[in-house]
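As provided, protein-v9.pdb (PDB, C-alpha atoms) reads as follows.
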MODEL        1
ATOM      1  CA  MET A1339      -9.779   3.767   6.332
ATOM      2  CA  VAL A1340      -8.150   3.640   2.907
ATOM      3  CA  GLY A1341     -11.274   4.944   1.206
ATOM      4  CA  GLN A1342     -11.118   8.064   3.396
ATOM      5  CA  HIS A1343      -7.595   9.012   2.308
ATOM      6  CA  ARG A1344      -7.563  12.759   1.663
ATOM      7  CA  PRO A1345      -4.888  14.005  -0.754
ATOM      8  CA  VAL A1346      -2.898  17.150  -0.157
ATOM      9  CA  LEU A1347      -4.366  20.453  -1.422
ATOM     10  CA  ILE A1348      -7.564  18.734  -2.609
ATOM     11  CA  ARG A1349      -9.678  21.905  -2.279
ATOM     12  CA  GLU A1350      -7.169  23.963  -4.196
ATOM     13  CA  VAL A1351      -6.723  21.357  -6.948
ATOM     14  CA  ILE A1352     -10.462  21.013  -7.566
ATOM     15  CA  ALA A1353     -10.899  24.799  -7.536
ATOM     16  CA  ALA A1354      -8.023  25.166 -10.013
ATOM     17  CA  LEU A1355      -9.418  22.584 -12.435
ATOM     18  CA  ALA A1356     -12.942  24.018 -12.058
ATOM     19  CA  PRO A1357     -14.658  20.836 -13.353
ATOM     20  CA  GLN A1358     -17.728  21.346 -15.536
ATOM     21  CA  ASP A1359     -20.635  19.076 -16.405
ATOM     22  CA  GLY A1360     -19.735  17.055 -19.478
ATOM     23  CA  GLY A1361     -16.006  17.761 -19.071
ATOM     24  CA  ARG A1362     -13.288  15.150 -19.380
ATOM     25  CA  TYR A1363     -10.385  15.098 -16.963
ATOM     26  CA  ILE A1364      -7.248  13.027 -16.419
ATOM     27  CA  ASP A1365      -5.926  12.125 -12.972
ATOM     28  CA  GLY A1366      -2.459  10.917 -13.870
ATOM     29  CA  THR A1367      -1.563   9.801 -10.338
ATOM     30  CA  PHE A1368      -4.714   8.048  -9.141
ATOM     31  CA  GLY A1369      -3.326   6.557  -5.912
ATOM     32  CA  ARG A1370      -6.375   6.094  -3.703
ATOM     33  CA  GLY A1371      -8.566   8.294  -5.868
ATOM     34  CA  GLY A1372      -8.779  11.472  -3.804
ATOM     35  CA  TYR A1373      -8.518  13.958  -6.661
ATOM     36  CA  THR A1374     -10.608  11.732  -8.915
ATOM     37  CA  ARG A1375     -13.397  11.542  -6.361
ATOM     38  CA  GLY A1376     -13.233  15.291  -5.867
ATOM     39  CA  LEU A1377     -13.663  15.894  -9.600
ATOM     40  CA  LEU A1378     -16.514  13.413  -9.980
ATOM     41  CA  GLU A1379     -18.379  14.852  -7.000
ATOM     42  CA  ALA A1380     -17.879  18.469  -8.116
ATOM     43  CA  ALA A1381     -19.506  18.048 -11.541
ATOM     44  CA  ASN A1382     -21.211  15.526 -13.804
ATOM     45  CA  CYS A1383     -17.929  14.920 -15.578
ATOM     46  CA  THR A1384     -15.825  11.908 -16.627
ATOM     47  CA  VAL A1385     -12.348  11.002 -15.357
ATOM     48  CA  LEU A1386      -9.621   8.845 -16.864
ATOM     49  CA  ALA A1387      -7.452   7.727 -13.949
ATOM     50  CA  ILE A1388      -3.917   6.447 -14.565
ATOM     51  CA  ASP A1389      -1.599   4.560 -12.222
ATOM     52  CA  ARG A1390       1.226   2.047 -12.482
ATOM     53  CA  ASP A1391       0.705   0.613  -9.000
ATOM     54  CA  PRO A1392      -1.255  -2.683  -9.160
ATOM     55  CA  GLU A1393      -2.765  -2.021  -5.726
ATOM     56  CA  ALA A1394      -4.040   1.400  -6.839
ATOM     57  CA  LEU A1395      -5.508  -0.117  -9.993
ATOM     58  CA  SER A1396      -7.367  -2.745  -7.973
ATOM     59  CA  PHE A1397      -8.737  -0.053  -5.672
ATOM     60  CA  GLY A1398      -9.753   2.029  -8.701
ATOM     61  CA  ALA A1399     -11.651  -0.839 -10.293
ATOM     62  CA  GLU A1400     -13.800  -1.121  -7.166
ATOM     63  CA  MET A1401     -14.257   2.635  -6.901
ATOM     64  CA  ALA A1402     -15.388   2.879 -10.538
ATOM     65  CA  LYS A1403     -18.423   0.712  -9.773
ATOM     66  CA  GLY A1404     -19.912   3.561  -7.779
ATOM     67  CA  PHE A1405     -19.792   6.185 -10.516
ATOM     68  CA  GLY A1406     -21.968   4.770 -13.269
ATOM     69  CA  GLY A1407     -19.404   4.744 -16.046
ATOM     70  CA  ARG A1408     -17.973   8.186 -15.282
ATOM     71  CA  LEU A1409     -14.648   6.744 -14.065
ATOM     72  CA  ARG A1410     -12.252   4.728 -16.203
ATOM     73  CA  VAL A1411      -9.049   3.399 -14.666
ATOM     74  CA  VAL A1412      -6.092   2.339 -16.838
ATOM     75  CA  ALA A1413      -2.651   0.932 -16.134
ATOM     76  CA  GLY A1414       0.286   3.049 -17.219
ATOM     77  CA  THR A1415       2.465   6.033 -16.415
ATOM     78  CA  PHE A1416       1.389   9.644 -16.691
ATOM     79  CA  GLY A1417       4.350  10.330 -18.957
ATOM     80  CA  HIS A1418       2.196   8.670 -21.643
ATOM     81  CA  LEU A1419      -1.130  10.180 -20.589
ATOM     82  CA  ASP A1420      -1.835  11.524 -24.085
ATOM     83  CA  SER A1421      -1.343   8.168 -25.793
ATOM     84  CA  LEU A1422      -3.263   6.381 -23.015
ATOM     85  CA  ALA A1423      -6.171   8.783 -23.547
ATOM     86  CA  ASP A1424      -6.017   8.169 -27.303
ATOM     87  CA  ALA A1425      -6.027   4.411 -26.801
ATOM     88  CA  ALA A1426      -9.063   4.738 -24.505
ATOM     89  CA  GLU A1427     -10.757   7.074 -27.013
ATOM     90  CA  PHE A1428     -11.028   9.565 -24.179
ATOM     91  CA  GLY A1429     -11.219  13.228 -25.102
ATOM     92  CA  PRO A1430     -11.201  16.133 -25.596
ATOM     93  CA  ILE A1431      -9.310  16.771 -22.345
ATOM     94  CA  ASN A1432     -10.438  19.697 -20.195
ATOM     95  CA  GLY A1433      -8.062  19.208 -17.296
ATOM     96  CA  VAL A1434      -5.065  17.215 -16.046
ATOM     97  CA  THR A1435      -3.858  16.814 -12.470
ATOM     98  CA  LEU A1436      -0.690  15.153 -11.187
ATOM     99  CA  ASP A1437       0.421  14.560  -7.587
ATOM    100  CA  ILE A1438       4.150  13.958  -7.903
ATOM    101  CA  GLY A1439       5.969  11.471  -5.722
ATOM    102  CA  VAL A1440       5.103   8.551  -3.498
ATOM    103  CA  SER A1441       1.599   8.286  -2.047
ATOM    104  CA  SER A1442       0.767   7.959   1.645
ATOM    105  CA  PRO A1443      -0.608   4.396   1.247
ATOM    106  CA  GLN A1444       2.680   3.360  -0.390
ATOM    107  CA  ILE A1445       4.724   4.931   2.401
ATOM    108  CA  ASP A1446       2.524   3.371   5.076
ATOM    109  CA  THR A1447       2.873  -0.181   3.674
ATOM    110  CA  PRO A1448       6.149  -1.673   4.962
ATOM    111  CA  GLU A1449       6.153  -4.392   2.283
ATOM    112  CA  ARG A1450       6.575  -1.722  -0.415
ATOM    113  CA  GLY A1451       9.936  -0.660   1.009
ATOM    114  CA  PHE A1452       9.531   3.103   0.572
ATOM    115  CA  SER A1453      10.072   4.077   4.204
ATOM    116  CA  PHE A1454      12.716   3.341   6.815
ATOM    117  CA  ARG A1455      10.293   4.052   9.672
ATOM    118  CA  THR A1456       9.192   0.407   9.650
ATOM    119  CA  ASP A1457      11.330  -2.467   8.447
ATOM    120  CA  GLY A1458      10.541  -4.029   5.082
ATOM    121  CA  PRO A1459      12.142  -5.287   1.875
ATOM    122  CA  LEU A1460      14.244  -2.660   0.090
ATOM    123  CA  ASP A1461      11.937  -2.344  -2.919
ATOM    124  CA  MET A1462      10.504   1.161  -3.735
ATOM    125  CA  ARG A1463       9.031   0.133  -7.119
ATOM    126  CA  MET A1464       5.727   1.865  -7.796
ATOM    127  CA  SER A1465       4.901  -0.618 -10.548
ATOM    128  CA  LEU A1466       6.205  -3.671  -8.643
ATOM    129  CA  SER A1467       8.312  -4.464 -11.726
ATOM    130  CA  GLY A1468      11.797  -3.646 -12.935
ATOM    131  CA  GLN A1469      14.878  -2.911 -10.856
ATOM    132  CA  SER A1470      14.309  -2.465  -7.135
ATOM    133  CA  ALA A1471      16.196  -0.242  -4.727
ATOM    134  CA  ALA A1472      17.981  -3.360  -3.463
ATOM    135  CA  ASP A1473      19.205  -4.037  -7.003
ATOM    136  CA  LEU A1474      20.714  -0.548  -7.204
ATOM    137  CA  VAL A1475      22.181  -0.563  -3.706
ATOM    138  CA  ASN A1476      23.839  -3.952  -4.164
ATOM    139  CA  GLY A1477      24.697  -3.731  -7.849
ATOM    140  CA  LEU A1478      25.835  -0.230  -8.761
ATOM    141  CA  GLY A1479      29.401   0.970  -8.493
ATOM    142  CA  GLU A1480      30.353   3.413  -5.756
ATOM    143  CA  GLU A1481      30.499   6.433  -8.090
ATOM    144  CA  ASP A1482      27.104   5.713  -9.652
ATOM    145  CA  LEU A1483      25.551   5.310  -6.219
ATOM    146  CA  ALA A1484      27.078   8.586  -5.053
ATOM    147  CA  ASN A1485      25.759  10.390  -8.136
ATOM    148  CA  ILE A1486      22.189   9.132  -7.579
ATOM    149  CA  ILE A1487      22.235  10.057  -3.896
ATOM    150  CA  TYR A1488      23.671  13.512  -4.652
ATOM    151  CA  GLN A1489      21.616  14.428  -7.724
ATOM    152  CA  TYR A1490      18.246  13.025  -6.665
ATOM    153  CA  GLY A1491      18.572  13.029  -2.888
ATOM    154  CA  GLU A1492      20.505  16.295  -2.624
ATOM    155  CA  GLU A1493      22.718  14.639  -0.027
ATOM    156  CA  ARG A1494      25.950  16.626   0.480
ATOM    157  CA  LEU A1495      27.691  13.595   1.962
ATOM    158  CA  SER A1496      26.760  11.305  -0.928
ATOM    159  CA  ARG A1497      30.276  10.000  -1.462
ATOM    160  CA  ARG A1498      30.615   9.082   2.189
ATOM    161  CA  VAL A1499      27.227   7.305   2.037
ATOM    162  CA  ALA A1500      28.155   5.400  -1.126
ATOM    163  CA  LYS A1501      31.448   4.306   0.405
ATOM    164  CA  ALA A1502      29.659   3.046   3.517
ATOM    165  CA  ILE A1503      27.140   1.121   1.379
ATOM    166  CA  VAL A1504      29.868  -0.570  -0.660
ATOM    167  CA  ARG A1505      31.758  -1.487   2.499
ATOM    168  CA  ALA A1506      28.643  -2.926   4.167
ATOM    169  CA  ARG A1507      27.417  -4.898   1.174
ATOM    170  CA  ALA A1508      30.833  -6.567   0.852
ATOM    171  CA  ILE A1509      30.051  -8.223   4.171
ATOM    172  CA  SER A1510      26.386  -8.973   3.503
ATOM    173  CA  PRO A1511      23.822  -7.810   0.892
ATOM    174  CA  ILE A1512      21.663  -4.871   2.001
ATOM    175  CA  LEU A1513      18.136  -6.170   1.536
ATOM    176  CA  THR A1514      15.902  -4.296   4.003
ATOM    177  CA  THR A1515      14.977  -0.684   4.657
ATOM    178  CA  SER A1516      16.283  -0.865   8.221
ATOM    179  CA  ALA A1517      19.628  -2.279   7.110
ATOM    180  CA  LEU A1518      20.132   0.525   4.580
ATOM    181  CA  ALA A1519      18.999   3.206   7.030
ATOM    182  CA  ASP A1520      21.520   1.965   9.603
ATOM    183  CA  VAL A1521      24.330   2.119   7.046
ATOM    184  CA  VAL A1522      23.416   5.674   6.051
ATOM    185  CA  ARG A1523      23.141   6.799   9.667
ATOM    186  CA  SER A1524      26.657   5.472  10.269
ATOM    187  CA  ALA A1525      27.914   7.839   7.571
ATOM    188  CA  VAL A1526      25.737  10.932   8.046
ATOM    189  CA  PRO A1527      25.557  12.754  11.394
ATOM    190  CA  LYS A1528      22.224  13.774  12.892
ATOM    191  CA  SER A1529      21.012  17.191  11.820
ATOM    192  CA  LYS A1530      19.743  19.936  14.107
ATOM    193  CA  ASP A1531      16.387  20.040  12.302
ATOM    194  CA  GLY A1532      15.554  16.507  13.439
ATOM    195  CA  ILE A1533      15.303  15.044   9.932
ATOM    196  CA  ASP A1534      16.518  11.437   9.857
ATOM    197  CA  PRO A1535      19.952  11.176   8.184
ATOM    198  CA  ALA A1536      18.606   8.442   5.881
ATOM    199  CA  THR A1537      15.855  10.642   4.408
ATOM    200  CA  ARG A1538      17.778  12.102   1.473
ATOM    201  CA  THR A1539      19.371   8.799   0.467
ATOM    202  CA  PHE A1540      15.979   7.083   0.417
ATOM    203  CA  GLN A1541      14.548   9.922  -1.649
ATOM    204  CA  GLY A1542      17.360   9.687  -4.184
ATOM    205  CA  LEU A1543      17.013   5.925  -4.604
ATOM    206  CA  ARG A1544      13.212   6.122  -4.931
ATOM    207  CA  ILE A1545      13.443   8.775  -7.635
ATOM    208  CA  ALA A1546      16.030   6.726  -9.526
ATOM    209  CA  VAL A1547      14.102   3.438  -9.236
ATOM    210  CA  ASN A1548      10.939   5.011 -10.662
ATOM    211  CA  ASP A1549      12.557   7.537 -13.049
ATOM    212  CA  GLU A1550      10.357  10.136 -11.392
ATOM    213  CA  LEU A1551      11.992  13.251 -12.835
ATOM    214  CA  GLY A1552      12.030  11.888 -16.379
ATOM    215  CA  GLU A1553       8.427  10.798 -15.932
ATOM    216  CA  LEU A1554       7.470  14.294 -14.775
ATOM    217  CA  GLU A1555       9.082  15.927 -17.806
ATOM    218  CA  ARG A1556       7.275  13.532 -20.130
ATOM    219  CA  GLY A1557       3.987  14.072 -18.294
ATOM    220  CA  LEU A1558       4.167  17.843 -18.648
ATOM    221  CA  THR A1559       4.698  17.695 -22.402
ATOM    222  CA  ALA A1560       2.015  15.006 -22.766
ATOM    223  CA  ALA A1561      -0.472  17.248 -20.957
ATOM    224  CA  GLU A1562       0.502  20.135 -23.220
ATOM    225  CA  ARG A1563      -0.254  18.001 -26.277
ATOM    226  CA  CYS A1564      -3.670  16.765 -25.167
ATOM    227  CA  LEU A1565      -5.305  19.680 -23.313
ATOM    228  CA  VAL A1566      -7.857  21.717 -25.268
ATOM    229  CA  PRO A1567      -7.644  25.543 -25.294
ATOM    230  CA  GLY A1568      -8.899  26.671 -21.892
ATOM    231  CA  GLY A1569      -8.018  23.311 -20.322
ATOM    232  CA  ARG A1570      -6.297  23.444 -16.949
ATOM    233  CA  LEU A1571      -3.116  21.773 -15.702
ATOM    234  CA  ALA A1572      -2.683  21.389 -11.921
ATOM    235  CA  ILE A1573       0.546  19.900 -10.547
ATOM    236  CA  VAL A1574       1.307  19.192  -6.873
ATOM    237  CA  ALA A1575       4.999  18.679  -6.072
ATOM    238  CA  PHE A1576       6.653  17.959  -2.730
ATOM    239  CA  HIS A1577      10.382  18.318  -3.387
ATOM    240  CA  SER A1578      12.460  21.155  -4.797
ATOM    241  CA  LEU A1579      13.735  19.000  -7.671
ATOM    242  CA  GLU A1580      10.188  18.286  -8.882
ATOM    243  CA  ASP A1581       8.845  21.768  -8.270
ATOM    244  CA  ARG A1582      11.770  23.310 -10.155
ATOM    245  CA  ILE A1583      10.973  21.193 -13.224
ATOM    246  CA  VAL A1584       7.303  22.241 -13.116
ATOM    247  CA  LYS A1585       8.132  25.907 -12.489
ATOM    248  CA  ASN A1586      10.666  26.050 -15.317
ATOM    249  CA  PHE A1587       8.376  24.229 -17.750
ATOM    250  CA  LEU A1588       5.464  26.578 -17.094
ATOM    251  CA  ALA A1589       7.722  29.632 -17.230
ATOM    252  CA  ASP A1590       9.019  28.507 -20.608
ATOM    253  CA  ARG A1591       5.603  27.616 -22.010
ATOM    254  CA  SER A1592       3.997  30.845 -20.771
ATOM    255  CA  GLY A1593       6.762  33.086 -22.094
ATOM    256  CA  LYS A1594       7.927  34.013 -18.589
ATOM    257  CA  SER A1595      11.446  32.600 -18.895
ATOM    258  CA  ALA A1596      14.387  34.902 -18.343
ATOM    259  CA  ALA A1597      14.520  37.509 -21.071
ATOM    260  CA  VAL A1598      17.069  37.031 -23.824
ATOM    261  CA  SER A1599      19.747  39.716 -24.036
ATOM    262  CA  ARG A1600      19.053  42.354 -26.710
ATOM    263  CA  TYR A1601      22.608  41.777 -27.907
ATOM    264  CA  ALA A1602      21.992  38.074 -28.553
ATOM    265  CA  PRO A1603      21.224  36.903 -32.098
ATOM    266  CA  PRO A1604      17.453  36.915 -32.777
ATOM    267  CA  LYS A1605      15.716  33.561 -32.614
ATOM    268  CA  ASP A1606      12.245  32.260 -33.291
ATOM    269  CA  VAL A1607      10.120  32.099 -30.136
ATOM    270  CA  ALA A1608       7.097  29.827 -30.098
ATOM    271  CA  PRO A1609       3.876  31.485 -28.920
ATOM    272  CA  PRO A1610       2.911  30.663 -25.316
ATOM    273  CA  SER A1611       1.074  27.350 -24.985
ATOM    274  CA  PHE A1612       0.047  28.077 -21.381
ATOM    275  CA  THR A1613      -1.107  31.042 -19.328
ATOM    276  CA  LEU A1614      -0.166  31.031 -15.653
ATOM    277  CA  ILE A1615      -3.186  31.112 -13.349
ATOM    278  CA  SER A1616      -0.998  32.006 -10.387
ATOM    279  CA  ARG A1617       2.541  33.350 -10.651
ATOM    280  CA  LYS A1618       3.424  31.848  -7.274
ATOM    281  CA  ALA A1619       2.942  28.313  -6.041
ATOM    282  CA  ILE A1620      -0.195  27.674  -3.984
ATOM    283  CA  THR A1621       0.440  26.169  -0.542
ATOM    284  CA  ALA A1622      -1.727  24.544   2.120
ATOM    285  CA  GLN A1623      -3.950  26.548   4.455
ATOM    286  CA  PRO A1624      -3.440  26.431   8.255
ATOM    287  CA  ASP A1625      -6.302  23.982   8.844
ATOM    288  CA  GLU A1626      -4.803  21.454   6.435
ATOM    289  CA  LEU A1627      -1.326  21.918   7.870
ATOM    290  CA  ALA A1628      -2.679  21.150  11.331
ATOM    291  CA  ALA A1629      -4.433  17.996  10.109
ATOM    292  CA  ASN A1630      -1.728  16.742   7.742
ATOM    293  CA  PRO A1631       1.936  17.646   8.370
ATOM    294  CA  ARG A1632       2.854  16.151   4.961
ATOM    295  CA  ALA A1633       1.178  19.175   3.366
ATOM    296  CA  ARG A1634       3.947  21.483   4.614
ATOM    297  CA  SER A1635       6.169  20.888   1.613
ATOM    298  CA  ALA A1636       3.409  20.689  -1.024
ATOM    299  CA  LYS A1637       3.330  23.273  -3.813
ATOM    300  CA  LEU A1638       0.554  23.524  -6.385
ATOM    301  CA  ARG A1639       1.172  25.220  -9.738
ATOM    302  CA  VAL A1640      -1.680  25.860 -12.159
ATOM    303  CA  ALA A1641      -1.778  26.928 -15.788
ATOM    304  CA  GLU A1642      -4.365  27.171 -18.555
ATOM    305  CA  ARG A1643      -3.815  25.931 -22.096
ATOM    306  CA  THR A1644      -3.868  28.539 -24.857
ATOM    307  CA  ASP A1645      -4.825  27.870 -28.480
ATOM    308  CA  ALA A1646      -1.159  27.895 -29.574
ATOM    309  CA  PRO A1647       0.372  24.626 -30.822
ATOM    310  CA  ALA A1648       2.332  22.505 -28.391
ATOM    311  CA  HIS A1649       6.020  23.395 -28.443
ATOM    312  CA  LEU A1650       8.263  21.120 -30.425
ATOM    313  CA  PRO A1651      10.831  19.057 -28.499
ATOM    314  CA  LYS A1652      14.248  20.679 -28.293
ATOM    315  CA  GLY A1653      16.319  19.750 -31.292
ATOM    316  CA  ALA A1654      13.260  18.916 -33.418
TER     317      ALA A1654
ENDMDL
END
Using structure tokens, write down the structure that the file contains.
Amino acid sequence: MVGQHRPVLIREVIAALAPQDGGRYIDGTFGRGGYTRGLLEAANCTVLAIDRDPEALSFGAEMAKGFGGRLRVVAGTFGHLDSLADAAEFGPINGVTLDIGVSSPQIDTPERGFSFRTDGPLDMRMSLSGQSAADLVNGLGEEDLANIIYQYGEERLSRRVAKAIVRARAISPILTTSALADVVRSAVPKSKDGIDPATRTFQGLRIAVNDELGELERGLTAAERCLVPGGRLAIVAFHSLEDRIVKNFLADRSGKSAAVSRYAPPKDVAPPSFTLISRKAITAQPDELAANPRARSAKLRVAERTDAPAHLPKGA
């Protein structure tokens, strides 16, 4: 059942955030409420849940009825979680959690167009608004398509894929997940690891449609601005592109970035705004891996807010 959806690394996320009675927490990627429920059941705390998916918001409104005012669900993107919390007069913030990427319910709903495993419209929009994957596939030039597939999908044969897409759409628009997957498979040979040749192209388009990497960067700095000293940040990422952004951000904010050469001109260094709770990413335990293969690629990174000011944006 949908209500029984169990998010990846739920035990580790709740342990990392260590919710306390009276605390206030933000779940920036509500989905089907797994992390939110875990927080609310672990302590007599309050959660502000954020999502841009209308279906998730509807589910959240029903779920909130069972928590006596301790759950508030708002529409928006976690890149603006600080301003959304301000608008809701919700604070001070003791913890923020984000589960980056597409949720299992989205993948499992063919009508959303995230997966090629079942046929559906080529959509991929988390918010159900704005440009869809079909708009990009049928409207972008060959070079722009290749760049998206290479940069966000990490597909080595991106130019071959883009060329095949342009050739196919000249005959007929590519409007379904199956149609796109077939085009990609015609351009990319099967791999020995058994991963479908269309996987990386679908990933690249989904990230582009939803501006997922830009959203992640904005969400990290928003969390930095709104967390109180001692507040925890827990981020679960599934792909190397996302995890690299989180890892580099936390390294920079905790003062663990690569040391500057002693021969380089001196420069002002802002005091660390975070302390790393674990130097290495936390991964799923064997029992979770056996129950949920999706957990294999999940990496959790956790940091605690210091009392230093949030770092200024580069160039400020």
| task | Translate the PyMOL selection byres ((chain A and resi 1558-1566) around 7), as applied to the file shown, into an explicit residue set as an MDAnalysis selection string. | result | chainID A and resid 1417:1420 1430:1434 1554:1557 1567:1569 1643 1648
| Could you name the residues that touch Asn1476 (chain A) at 10 Å or less, counting all atoms listed in the file, but leaving out those on the same chain fewer than 4 positions away, as a PyMOL selection string? | chain A and resi 1471-1472+1480+1483+1503-1504+1506-1508+1510-1513
| Rounded to one decimal in Å, what is the spacing between CA of Pro1610 (chain A) and CA of Thr1435 (chain A)? |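 Going from CA of Pro1610 (chain A) over to CA of Thr1435 (chain A), I get 20.1 Å.
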Can you spell out as a CSV table (one decimal) with C-alpha atoms, in the coordinates of the input the set of residues that the PyMOL selection byres ((chain A and resi 1548) around 10) selects in the structure I just provided?
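File written: part38.csv
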chain,number,residue,atom,x,y,z
A,1439,GLY,CA,6.0,11.5,-5.7
A,1440,VAL,CA,5.1,8.6,-3.5
A,1462,MET,CA,10.5,1.2,-3.7
A,1463,ARG,CA,9.0,0.1,-7.1
A,1464,MET,CA,5.7,1.9,-7.8
A,1465,SER,CA,4.9,-0.6,-10.5
A,1467,SER,CA,8.3,-4.5,-11.7
A,1468,GLY,CA,11.8,-3.6,-12.9
A,1469,GLN,CA,14.9,-2.9,-10.9
A,1470,SER,CA,14.3,-2.5,-7.1
A,1471,ALA,CA,16.2,-0.2,-4.7
A,1543,LEU,CA,17.0,5.9,-4.6
A,1544,ARG,CA,13.2,6.1,-4.9
A,1545,ILE,CA,13.4,8.8,-7.6
A,1546,ALA,CA,16.0,6.7,-9.5
A,1547,VAL,CA,14.1,3.4,-9.2
A,1549,ASP,CA,12.6,7.5,-13.0
A,1550,GLU,CA,10.4,10.1,-11.4
A,1551,LEU,CA,12.0,13.3,-12.8
A,1552,GLY,CA,12.0,11.9,-16.4
A,1553,GLU,CA,8.4,10.8,-15.9
| query | Written as number ranges by chain, which residues does the PyMOL selection byres ((chain A and resi 1397-1414) around 7) give for the file shown? | reply | A: 1370-1371, 1383-1390, 1393-1396, 1415-1416
| said: At a cut-off of 9 Å, using only C-alpha atoms, what residues contact His1577 (chain A)? Leave out same-chain residues fewer than 5 positions from it and give the result as a list in words. | reply: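 Near neighbours after the sequence-gap exclusion: Ile1438, Gly1439, Arg1582, Ser1635, Ala1636 and Lys1637 of chain A.
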| message | When you count all atoms listed in the file, which of these residues is closest to Glu1481 (chain A): A:Val1499, A:Leu1627, A:Val1640, A:Leu1466? | response |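 Closest to Glu1481 (chain A) of all the choices is A:Val1499.
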| said: I'd like to know which of A:Glu1427, A:Asp1473, A:Glu1642, A:Asp1365 is closest to Ser1592 (chain A), using all atoms listed in the file. | reply: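 Among A:Glu1427, A:Asp1473, A:Glu1642, A:Asp1365, it is A:Glu1642 that comes nearest to Ser1592 (chain A).
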| said: Could you tell me how far CA of Arg1375 (chain A) sits from CA of Glu1350 (chain A), in Å to one decimal place? | reply: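 Computing the Euclidean distance for CA of Glu1350 (chain A) and CA of Arg1375 (chain A) yields 14.1 Å.
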| request: Mind checking which residues fall within 10 Å of Pro1609 (chain A), counting all atoms listed in the file, ignoring those fewer than 6 positions away in the same chain, and posting them as number ranges by chain? | output: A: 1591-1593, 1644-1649
Please, what is the axis-aligned box for every listed atom of region 1353-1357 of chain A with 8 Å on each side, as centre and edge lengths in Å to one decimal, as lines of an AutoDock Vina configuration file?
center_x = -11.3
center_y = 23.0
center_z = -10.4
size_x = 22.6
size_y = 20.3
size_z = 21.8
| request: Name the closest residue to Leu1377 (chain A) among the candidates A:Val1584, A:Val1607, A:Ala1525, A:Ile1364; distances are taken between atoms, counting only C-alpha atoms. | output: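 Among A:Val1584, A:Val1607, A:Ala1525, A:Ile1364, it is A:Ile1364 that comes nearest to Leu1377 (chain A).
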